[in-house]
>>> print(open('coords_1.csv').read())   # CSV, C-alpha atoms
chain,number,residue,atom,x,y,z
A,1,MET,CA,-2.0,-0.3,3.2
A,2,ASN,CA,0.3,0.9,6.0
A,3,THR,CA,0.6,4.7,5.6
A,4,ASN,CA,2.6,5.0,8.9
A,5,MET,CA,5.7,3.3,7.5
A,6,LYS,CA,8.3,6.1,7.5
A,7,HIS,CA,11.7,4.5,8.1
A,8,ILE,CA,12.9,1.1,7.1
A,9,GLY,CA,16.2,-0.5,8.1
A,10,VAL,CA,17.9,-3.1,5.9
A,11,PHE,CA,21.0,-5.3,6.4
A,12,THR,CA,22.7,-8.3,4.7
A,13,SER,CA,23.8,-11.2,6.8
A,14,GLY,CA,25.6,-14.5,6.7
A,15,GLY,CA,27.5,-15.5,3.6
A,16,ASP,CA,27.5,-12.9,0.7
A,17,SER,CA,25.9,-13.9,-2.6
A,18,PRO,CA,25.8,-12.2,-6.0
A,19,GLY,CA,22.7,-10.2,-6.4
A,20,MET,CA,22.6,-8.7,-3.0
A,21,ASN,CA,23.4,-5.3,-4.3
A,22,ALA,CA,20.6,-5.5,-6.9
A,23,ALA,CA,18.2,-6.4,-4.1
A,24,LEU,CA,19.4,-3.3,-2.1
A,25,PHE,CA,18.8,-1.1,-5.0
A,26,ALA,CA,15.3,-2.4,-5.6
A,27,ILE,CA,14.5,-1.9,-1.9
A,28,ALA,CA,15.8,1.7,-2.0
A,29,LYS,CA,14.0,2.5,-5.2
A,30,THR,CA,10.7,1.1,-4.0
A,31,ALA,CA,11.0,2.9,-0.6
A,32,GLU,CA,11.8,6.2,-2.4
A,33,VAL,CA,8.8,6.0,-4.6
A,34,ASN,CA,6.6,5.4,-1.5
A,35,SER,CA,8.3,8.3,0.4
A,36,ILE,CA,9.9,6.0,2.9
A,37,ARG,CA,13.3,6.7,4.4
A,38,LEU,CA,15.8,3.8,4.1
A,39,SER,CA,18.9,3.2,6.3
A,40,GLY,CA,21.3,0.3,6.0
A,41,PHE,CA,23.0,-1.4,8.9
A,42,ARG,CA,26.6,-2.4,8.1
A,43,LYS,CA,28.0,-5.9,8.8
A,44,GLY,CA,24.7,-7.7,9.5
A,45,TYR,CA,23.6,-8.2,13.0
A,46,GLU,CA,26.9,-6.7,14.2
A,47,GLY,CA,25.7,-3.4,12.8
A,48,LEU,CA,22.3,-3.7,14.6
A,49,ILE,CA,24.1,-4.1,17.9
A,50,ASP,CA,26.7,-1.3,17.3
A,51,GLY,CA,24.2,1.1,15.7
A,52,ASP,CA,26.4,1.2,12.6
A,53,LEU,CA,24.0,2.5,10.0
A,54,VAL,CA,24.2,4.6,6.9
A,55,GLU,CA,21.6,6.4,4.8
A,56,LEU,CA,21.2,4.6,1.4
A,57,ASP,CA,21.2,6.7,-1.7
A,58,THR,CA,19.2,5.2,-4.6
A,59,ARG,CA,21.5,6.6,-7.3
A,60,GLU,CA,24.6,5.2,-5.7
A,61,LEU,CA,23.1,1.8,-5.3
A,62,GLN,CA,22.0,1.9,-8.9
A,63,LYS,CA,25.6,1.9,-9.9
A,64,LEU,CA,26.2,-1.3,-8.0
A,65,VAL,CA,23.5,-3.6,-9.5
A,66,HIS,CA,26.2,-5.3,-11.6
A,67,ARG,CA,28.6,-5.9,-8.7
A,68,GLY,CA,29.0,-9.0,-6.6
A,69,GLY,CA,29.3,-9.1,-2.8
A,70,THR,CA,27.3,-6.6,-0.7
A,71,PHE,CA,27.7,-2.9,-0.4
A,72,LEU,CA,26.6,-3.1,3.3
A,73,LYS,CA,29.1,-5.8,4.1
A,74,THR,CA,28.2,-8.8,6.1
A,75,ALA,CA,29.5,-10.7,9.2
A,76,ARG,CA,28.7,-13.6,11.5
A,77,SER,CA,27.6,-12.4,14.9
A,78,ALA,CA,28.1,-14.4,18.1
A,79,ARG,CA,26.9,-11.4,20.1
A,80,PHE,CA,23.4,-11.6,18.5
A,81,LEU,CA,23.0,-15.1,19.8
A,82,THR,CA,22.9,-13.6,23.3
A,83,LYS,CA,19.9,-11.9,25.0
A,84,GLU,CA,22.1,-8.9,25.7
A,85,GLY,CA,23.1,-8.5,22.1
A,86,ARG,CA,19.5,-8.6,20.9
A,87,GLN,CA,18.5,-6.1,23.6
A,88,GLN,CA,21.2,-3.7,22.4
A,89,ALA,CA,20.0,-4.1,18.8
A,90,LEU,CA,16.4,-3.3,19.9
A,91,GLU,CA,17.5,-0.2,21.7
A,92,ASN,CA,19.3,1.0,18.5
A,93,LEU,CA,16.2,0.4,16.4
A,94,ARG,CA,14.2,2.5,18.8
A,95,LYS,CA,16.8,5.2,19.0
A,96,ASN,CA,16.8,5.5,15.2
A,97,ASN,CA,13.0,5.4,14.8
A,98,ILE,CA,13.1,2.3,12.6
A,99,ASP,CA,9.6,1.1,11.8
A,100,ALA,CA,10.5,-2.2,10.1
A,101,LEU,CA,13.5,-4.4,9.1
A,102,ILE,CA,14.4,-6.1,5.8
A,103,ALA,CA,17.1,-8.8,6.1
A,104,VAL,CA,18.9,-10.4,3.1
A,105,GLY,CA,20.5,-13.7,4.1
A,106,GLY,CA,20.1,-17.4,4.6
A,107,ASP,CA,18.8,-19.9,7.2
A,108,GLY,CA,20.8,-18.5,10.1
A,109,THR,CA,19.6,-14.9,9.3
A,110,PHE,CA,16.0,-15.9,9.6
A,111,LYS,CA,16.6,-18.0,12.7
A,112,GLY,CA,18.1,-14.8,14.2
A,113,LEU,CA,15.0,-12.8,13.2
A,114,LEU,CA,12.7,-15.5,14.8
A,115,ALA,CA,14.6,-15.1,18.1
A,116,PHE,CA,14.6,-11.3,17.8
A,117,SER,CA,10.8,-11.3,17.3
A,118,GLU,CA,10.5,-12.6,20.9
A,119,ILE,CA,11.4,-9.1,22.2
A,120,CYS,CA,10.9,-6.9,19.2
A,121,GLU,CA,7.4,-6.3,17.7
A,122,LEU,CA,8.6,-4.5,14.6
A,123,PRO,CA,7.7,-6.3,11.3
A,124,PHE,CA,10.5,-8.3,9.7
A,125,ILE,CA,10.7,-9.3,6.0
A,126,GLY,CA,13.4,-11.7,4.7
A,127,ILE,CA,15.0,-12.0,1.3
A,128,PRO,CA,16.7,-15.4,0.6
A,129,GLY,CA,20.3,-14.6,-0.2
A,130,THR,CA,22.5,-17.7,-0.2
A,131,ILE,CA,24.4,-19.5,-3.0
A,132,ASP,CA,23.4,-22.9,-1.6
A,133,ASN,CA,19.7,-22.8,-2.7
A,134,ASP,CA,18.9,-24.6,0.5
A,135,MET,CA,15.8,-22.8,1.7
A,136,ALA,CA,12.1,-23.7,1.5
A,137,GLY,CA,9.7,-21.1,0.2
A,138,THR,CA,11.5,-20.2,-3.0
A,139,ASP,CA,12.5,-22.1,-6.2
A,140,PHE,CA,15.9,-20.3,-6.2
A,141,THR,CA,17.8,-18.2,-3.7
A,142,LEU,CA,19.7,-15.1,-4.6
A,143,GLY,CA,23.2,-16.0,-5.8
A,144,PHE,CA,22.6,-19.6,-6.7
A,145,ASP,CA,22.5,-19.1,-10.5
A,146,SER,CA,25.7,-17.0,-10.4
A,147,ALA,CA,27.5,-19.6,-8.3
A,148,VAL,CA,26.5,-22.4,-10.7
A,149,ASN,CA,27.7,-20.4,-13.7
A,150,THR,CA,31.0,-19.7,-12.0
A,151,ALA,CA,31.4,-23.4,-11.2
A,152,ILE,CA,30.6,-24.5,-14.7
A,153,GLU,CA,33.0,-22.0,-16.2
A,154,ASN,CA,35.9,-23.3,-14.0
A,155,ILE,CA,35.0,-26.9,-14.5
A,156,ASP,CA,35.0,-26.5,-18.3
A,157,LYS,CA,38.6,-25.1,-18.0
A,158,ILE,CA,39.7,-28.0,-15.7
A,159,ARG,CA,38.3,-30.5,-18.3
A,160,ASP,CA,40.7,-29.1,-20.9
A,161,THR,CA,43.7,-30.0,-18.8
A,162,ALA,CA,42.2,-33.3,-17.6
A,163,GLU,CA,41.6,-34.4,-21.2
A,164,SER,CA,45.2,-33.5,-22.1
A,165,HIS,CA,46.6,-35.8,-19.3
A,166,ASN,CA,43.9,-38.5,-19.2
A,167,ARG,CA,43.3,-37.7,-15.5
A,168,ILE,CA,40.6,-38.3,-13.0
A,169,PHE,CA,39.6,-35.0,-11.5
A,170,LEU,CA,37.5,-34.6,-8.3
A,171,ILE,CA,36.2,-31.1,-8.2
A,172,GLU,CA,34.7,-29.8,-5.0
A,173,VAL,CA,32.0,-27.2,-5.2
A,174,MET,CA,30.2,-25.4,-2.3
A,175,GLY,CA,27.2,-27.0,-0.7
A,176,ARG,CA,27.6,-27.7,3.0
A,177,ASP,CA,24.2,-29.3,3.6
A,178,CYS,CA,22.6,-29.3,0.1
A,179,GLY,CA,23.8,-30.6,-3.2
A,180,TYR,CA,22.1,-28.2,-5.6
A,181,ILE,CA,25.3,-26.5,-6.8
A,182,ALA,CA,26.9,-29.9,-7.4
A,183,MET,CA,23.9,-31.3,-9.2
A,184,HIS,CA,23.3,-28.3,-11.5
A,185,SER,CA,27.0,-27.7,-12.3
A,186,GLY,CA,27.7,-31.5,-12.7
A,187,LEU,CA,24.8,-32.0,-15.0
A,188,GLY,CA,25.7,-28.8,-16.9
A,189,VAL,CA,29.2,-30.0,-17.7
A,190,GLY,CA,28.4,-33.6,-18.4
A,191,ALA,CA,30.2,-34.9,-15.3
A,192,ASP,CA,30.8,-38.6,-15.0
A,193,ALA,CA,29.8,-38.6,-11.3
A,194,ILE,CA,28.1,-36.3,-8.8
A,195,LEU,CA,28.6,-36.7,-5.1
A,196,VAL,CA,26.0,-34.9,-2.8
A,197,PRO,CA,25.1,-35.0,0.9
A,198,GLU,CA,21.6,-36.3,0.2
A,199,SER,CA,22.6,-39.5,-1.5
A,200,GLY,CA,24.6,-42.5,-0.2
A,201,GLN,CA,24.8,-44.4,-3.6
A,202,ASP,CA,26.6,-41.8,-5.7
A,203,PHE,CA,30.1,-42.9,-4.5
A,204,VAL,CA,29.4,-46.5,-5.3
A,205,ARG,CA,28.8,-45.6,-8.9
A,206,LEU,CA,31.9,-43.4,-9.0
A,207,LEU,CA,34.0,-46.3,-7.6
A,208,GLU,CA,32.7,-48.7,-10.3
A,209,LYS,CA,33.9,-46.3,-13.0
A,210,ALA,CA,37.2,-45.4,-11.4
A,211,SER,CA,38.2,-49.0,-10.6
A,212,VAL,CA,38.3,-49.8,-14.3
A,213,TYR,CA,39.4,-46.4,-15.6
A,214,ASP,CA,42.0,-46.7,-18.3
A,215,SER,CA,40.9,-44.2,-21.0
A,216,GLU,CA,42.2,-41.5,-23.3
A,217,GLU,CA,39.4,-39.3,-21.9
A,218,ALA,CA,39.1,-37.5,-18.6
A,219,LEU,CA,36.9,-38.6,-15.8
A,220,ILE,CA,35.2,-35.7,-14.1
A,221,ALA,CA,33.5,-36.1,-10.7
A,222,ILE,CA,31.8,-33.2,-8.9
A,223,VAL,CA,31.8,-33.3,-5.1
A,224,ALA,CA,29.6,-31.1,-2.9
A,225,GLU,CA,31.7,-29.9,0.1
A,226,GLY,CA,29.1,-31.4,2.5
A,227,ASP,CA,29.2,-34.9,1.0
A,228,GLU,CA,29.6,-37.6,3.6
A,229,LEU,CA,33.0,-38.7,2.3
A,230,GLY,CA,34.5,-35.6,0.8
A,231,ALA,CA,37.0,-35.3,-2.0
A,232,GLU,CA,40.1,-36.4,0.0
A,233,ILE,CA,38.5,-39.7,1.3
A,234,ALA,CA,37.0,-40.4,-2.1
A,235,ALA,CA,40.4,-39.9,-3.8
A,236,SER,CA,42.1,-42.3,-1.4
A,237,LYS,CA,39.6,-45.0,-1.9
A,238,ILE,CA,39.8,-44.6,-5.7
A,239,LYS,CA,43.6,-44.9,-5.5
A,240,GLU,CA,43.3,-48.1,-3.3
A,241,LEU,CA,41.1,-49.7,-6.0
A,242,ASN,CA,43.1,-48.4,-9.0
A,243,PRO,CA,46.6,-47.3,-8.0
A,244,LYS,CA,47.7,-46.5,-11.5
A,245,VAL,CA,45.2,-43.7,-12.1
A,246,ASP,CA,46.5,-40.1,-12.4
A,247,LEU,CA,44.1,-38.3,-10.0
A,248,ARG,CA,43.8,-34.7,-8.9
A,249,ILE,CA,41.6,-32.8,-6.5
A,250,THR,CA,40.5,-29.2,-7.2
A,251,LYS,CA,38.5,-27.1,-4.7
A,252,LEU,CA,36.7,-24.2,-6.3
A,253,GLY,CA,36.1,-22.6,-2.9
A,254,HIS,CA,35.0,-19.0,-2.4
A,255,VAL,CA,35.5,-18.1,-6.1
A,256,GLN,CA,31.8,-19.3,-6.3
A,257,ARG,CA,30.7,-16.5,-4.1
A,258,GLY,CA,32.4,-13.7,-6.1
A,259,GLY,CA,32.0,-12.1,-9.5
A,260,ASN,CA,29.3,-10.2,-11.2
A,261,PRO,CA,25.8,-11.6,-10.6
A,262,SER,CA,24.1,-13.4,-13.6
A,263,ALA,CA,21.2,-11.8,-15.4
A,264,ALA,CA,18.9,-14.2,-13.5
A,265,ASP,CA,20.2,-13.2,-10.1
A,266,ARG,CA,20.0,-9.5,-10.9
A,267,MET,CA,16.4,-9.9,-11.9
A,268,LEU,CA,15.7,-12.0,-8.8
A,269,GLY,CA,17.2,-9.4,-6.6
A,270,ILE,CA,15.1,-6.7,-8.2
A,271,ARG,CA,11.9,-8.7,-7.9
A,272,LEU,CA,12.5,-9.7,-4.3
A,273,GLY,CA,13.8,-6.3,-3.2
A,274,ALA,CA,10.7,-4.5,-4.5
A,275,ALA,CA,8.4,-7.2,-3.1
A,276,SER,CA,9.9,-6.9,0.4
A,277,VAL,CA,8.9,-3.2,0.7
A,278,LYS,CA,5.5,-3.9,-0.8
A,279,ALA,CA,5.0,-6.7,1.8
A,280,LEU,CA,5.7,-4.2,4.6
A,281,LEU,CA,3.2,-1.7,3.1
A,282,HIS,CA,0.6,-4.5,3.2
A,283,GLU,CA,1.3,-5.1,6.8
A,284,LYS,CA,3.1,-8.4,6.5
A,285,LYS,CA,5.6,-9.5,9.0
A,286,SER,CA,7.9,-12.4,9.9
A,287,VAL,CA,7.8,-13.8,6.3
A,288,MET,CA,10.3,-14.4,3.5
A,289,VAL,CA,9.6,-13.2,0.0
A,290,GLY,CA,10.4,-15.8,-2.6
A,291,ILE,CA,9.6,-17.0,-6.1
A,292,LEU,CA,7.5,-20.2,-6.5
A,293,ASN,CA,6.5,-21.3,-10.0
A,294,ASN,CA,7.7,-17.8,-11.2
A,295,GLU,CA,5.1,-16.1,-8.9
A,296,LEU,CA,6.0,-14.1,-5.8
A,297,SER,CA,5.3,-15.9,-2.6
A,298,LEU,CA,5.4,-15.2,1.1
A,299,THR,CA,6.5,-17.9,3.5
A,300,PRO,CA,6.6,-17.6,7.4
A,301,PHE,CA,10.0,-17.8,8.9
A,302,ASN,CA,9.2,-20.9,10.9
A,303,GLN,CA,8.7,-22.8,7.6
A,304,VAL,CA,11.6,-21.2,5.8
A,305,VAL,CA,14.3,-22.4,8.2
A,306,LYS,CA,13.6,-26.0,7.3
A,307,GLN,CA,16.0,-27.7,4.8
A,308,HIS,CA,15.1,-27.3,1.2
A,309,GLN,CA,15.1,-30.8,-0.2
A,310,VAL,CA,16.6,-31.7,-3.5
A,311,GLN,CA,13.9,-32.5,-6.1
A,312,ASP,CA,13.3,-36.1,-7.0
A,313,GLU,CA,13.6,-35.2,-10.7
A,314,LEU,CA,17.2,-34.1,-10.1
A,315,TYR,CA,18.0,-37.4,-8.3
A,316,GLU,CA,16.7,-39.3,-11.3
A,317,LEU,CA,18.7,-37.1,-13.7
A,318,VAL,CA,21.9,-37.8,-11.7
A,319,LYS,CA,21.2,-41.5,-11.7
A,320,ILE,CA,20.6,-41.5,-15.5
A,321,PHE,CA,23.6,-39.5,-16.4
A,322,GLY,CA,25.8,-41.2,-13.8
A,323,LYS,CA,25.5,-44.7,-15.4
>>> encode(input="coords_1.csv", output="C-alpha cells")
Amino acid sequence: MNTNMKHIGVFTSGGDSPGMNAALFAIAKTAEVNSIRLSGFRKGYEGLIDGDLVELDTRELQKLVHRGGTFLKTARSARFLTKEGRQQALENLRKNNIDALIAVGGDGTFKGLLAFSEICELPFIGIPGTIDNDMAGTDFTLGFDSAVNTAIENIDKIRDTAESHNRIFLIEVMGRDCGYIAMHSGLGVGADAILVPESGQDFVRLLEKASVYDSEEALIAIVAEGDELGAEIAASKIKELNPKVDLRITKLGHVQRGGNPSAADRMLGIRLGAASVKALLHEKKSVMVGILNNELSLTPFNQVVKQHQVQDELYELVKIFGK
C-alpha cells in the first residue's frame, strides 16, 4: 500500500461521454476517504499544459452524478502532441506537487499518456470513457450504454413516421471505427439491416431487400458513421436499383453523447472511479481499469490502444436478423 500518495490529479479528455461525472465523484470520494488531496485539470491535456486546475469538492460532484458531459470539460490538444507541450505539462505537475494522474478518455487519451510516460515517471491510471465501446481491456466503456439507449429512443420515434409513409429510413449512428452502437441499437429496435465498418457483406443484404421493397411497412437500416459506404452512398445506390422508393436519411449525431447517463453507466463510473484510486494505492501504473466478465481488471496501456473487435456472436446475430 502506497502511503506516500498525497495529491492526485485527474482530467477528462477526448470526446465526452455520459458517466464521466459519476467517475469523477467516485474518484473524489475514494481519495477523500484515504486522506488524499484531489485536483482536476480543466479541458484535458490543454489544462495540463496551461496549469488550469481546480480543487474538487466531493459534495459538489455528488450533485452531478446524474448529469451528462463532464464537469472538468474536455478538449482535443494539438500542443500535447509536441515535446514542448508535454514538457510544459510535466513542469506544471511538479509545480503543483502532483503524485499521480488519473485520465478518463478513449484511445487517444491513453496514447497520450504512453508518450508522456517517456519523460514523466509519475504513475498514470486510465478510465475508459468513450461512447464507441472500441477499447480492449473492458467489456463496456463509459457512456456506451447511454448512447445506445439514446439511439434506440430516437430510432423508435423515427419508425413511427416511417411506418406512416411506407418509407425506407437510413439512420446513421456514431461509430467511427467500431460498429458496436449500430449493432446494439439496430438489434434492439428490430432493424431490417445494420451497416458497420467491420463487415463488407451487410450492404449486399440491404440492397437485396431495398431492390424489391414495395411494402405497407417501413424498412429501417442502421448505418455506423464509419461504414465504408456511408448513408449517402448507400442511399444513392438504393435509388439506382429502386427509383420508386421513398427514402430518407437521418443522422443522430451528437445527441448520442448528451443526456443523463443510464443506470448502467452511472454504476460503471462509480466502480471504475473508485478502482482507479485503489490501483494507485496498490502502486499500479500505466494501466487502464476496466470490467471483464463483471470483474474489475487492469490492462496495460500498450494493450488498451488496440482496436476492440466486435464479437463473433454479434456478427452472427446481425446475419440472422438481417435475413
>>> residues_around(input="coords_1.csv", residues="range 225-235 of chain A", least_positions_apart="6", cutoff="7 Å", atoms="only C-alpha atoms", output="ChimeraX atom specification")
/A:170,172-177,195-197,249
>>> atom_distance(input="coords_1.csv", atom1="CA of Asn166 in chain A", atom2="CA of Glu217 in chain A")
5.3 Å
>>> closest_atom_pairs(input="coords_1.csv", of="range 145-213 of chain A", to="range 254-276 of chain A", cutoff="10 Å", atoms="only C-alpha atoms", output="Markdown table")
| residue | atom | partner | partner_atom | distance |
| --- | --- | --- | --- | --- |
| A:Asp145 | CA | A:Asp265 | CA | 6.3 |
| A:Ser146 | CA | A:Ser262 | CA | 5.1 |
| A:Ala147 | CA | A:Gln256 | CA | 4.8 |
| A:Val148 | CA | A:Gln256 | CA | 7.6 |
| A:Asn149 | CA | A:Ser262 | CA | 7.9 |
| A:Thr150 | CA | A:Gln256 | CA | 5.8 |
| A:Ala151 | CA | A:Gln256 | CA | 6.4 |
| A:Ile152 | CA | A:Gln256 | CA | 10.0 |
| A:Asn154 | CA | A:Val255 | CA | 9.5 |
| A:Val173 | CA | A:Gln256 | CA | 8.0 |
| A:Met174 | CA | A:Gln256 | CA | 7.5 |
| A:Ile181 | CA | A:Gln256 | CA | 9.7 |
>>> atom_distance(input="coords_1.csv", atom1="CA of Thr12 in chain A", atom2="CA of Leu252 in chain A")
23.9 Å
>>> atom_distance(input="coords_1.csv", atom1="CA of Lys111 in chain A", atom2="CA of Gly47 in chain A")
17.2 Å
>>> closest_residue(input="coords_1.csv", among="A:Phe110, A:Cys178, A:Val189, A:Tyr315", to="Val287 in chain A", atoms="all atoms listed in the file")
A:Phe110
>>> residues_around(input="coords_1.csv", residues="Leu114 in chain A", least_positions_apart="4", cutoff="8 Å", atoms="all atoms listed in the file", output="list in words")
Phe110, Glu118, Ser286, Phe301 and Asn302 of chain A
>>> residues_around(input="coords_1.csv", residues="Ser35 in chain A", least_positions_apart="5", cutoff="10 Å", atoms="only C-alpha atoms", output="list of chain:residue names")
A:Thr3, A:Met5, A:Lys6, A:His7, A:Lys29, A:Thr30
>>> residues_around(input="coords_1.csv", residues="Gly290 in chain A", least_positions_apart="6", cutoff="7 Å", atoms="all atoms listed in the file", output="PyMOL selection string")
chain A and resi 137-138+272+296-298
>>> decode(input="coords_1.csv", residues="range 88-106 of chain A", atoms="C-alpha atoms", output="compact mmCIF listing (two decimals), in the first residue's frame")
# COMPACT_ATOMS: atom_id res chain seq x y z
CA GLN A 88 5.26 22.14 -20.02
CA ALA A 89 2.68 19.70 -18.64
CA LEU A 90 5.41 17.94 -16.64
CA GLU A 91 6.58 21.23 -15.15
CA ASN A 92 3.01 22.04 -14.05
CA LEU A 93 2.65 18.65 -12.38
CA ARG A 94 5.88 19.21 -10.46
CA LYS A 95 4.94 22.77 -9.52
CA ASN A 96 1.62 21.59 -8.07
CA ASN A 97 3.17 18.58 -6.28
CA ILE A 98 1.01 16.05 -8.13
CA ASP A 99 1.91 12.46 -7.14
CA ALA A 100 -0.20 10.62 -9.75
CA LEU A 101 -2.62 11.18 -12.63
CA ILE A 102 -6.00 9.63 -13.48
CA ALA A 103 -7.29 10.19 -17.01
CA VAL A 104 -10.83 9.50 -18.24
CA GLY A 105 -10.93 9.14 -22.01
CA GLY A 106 -10.51 6.95 -25.04
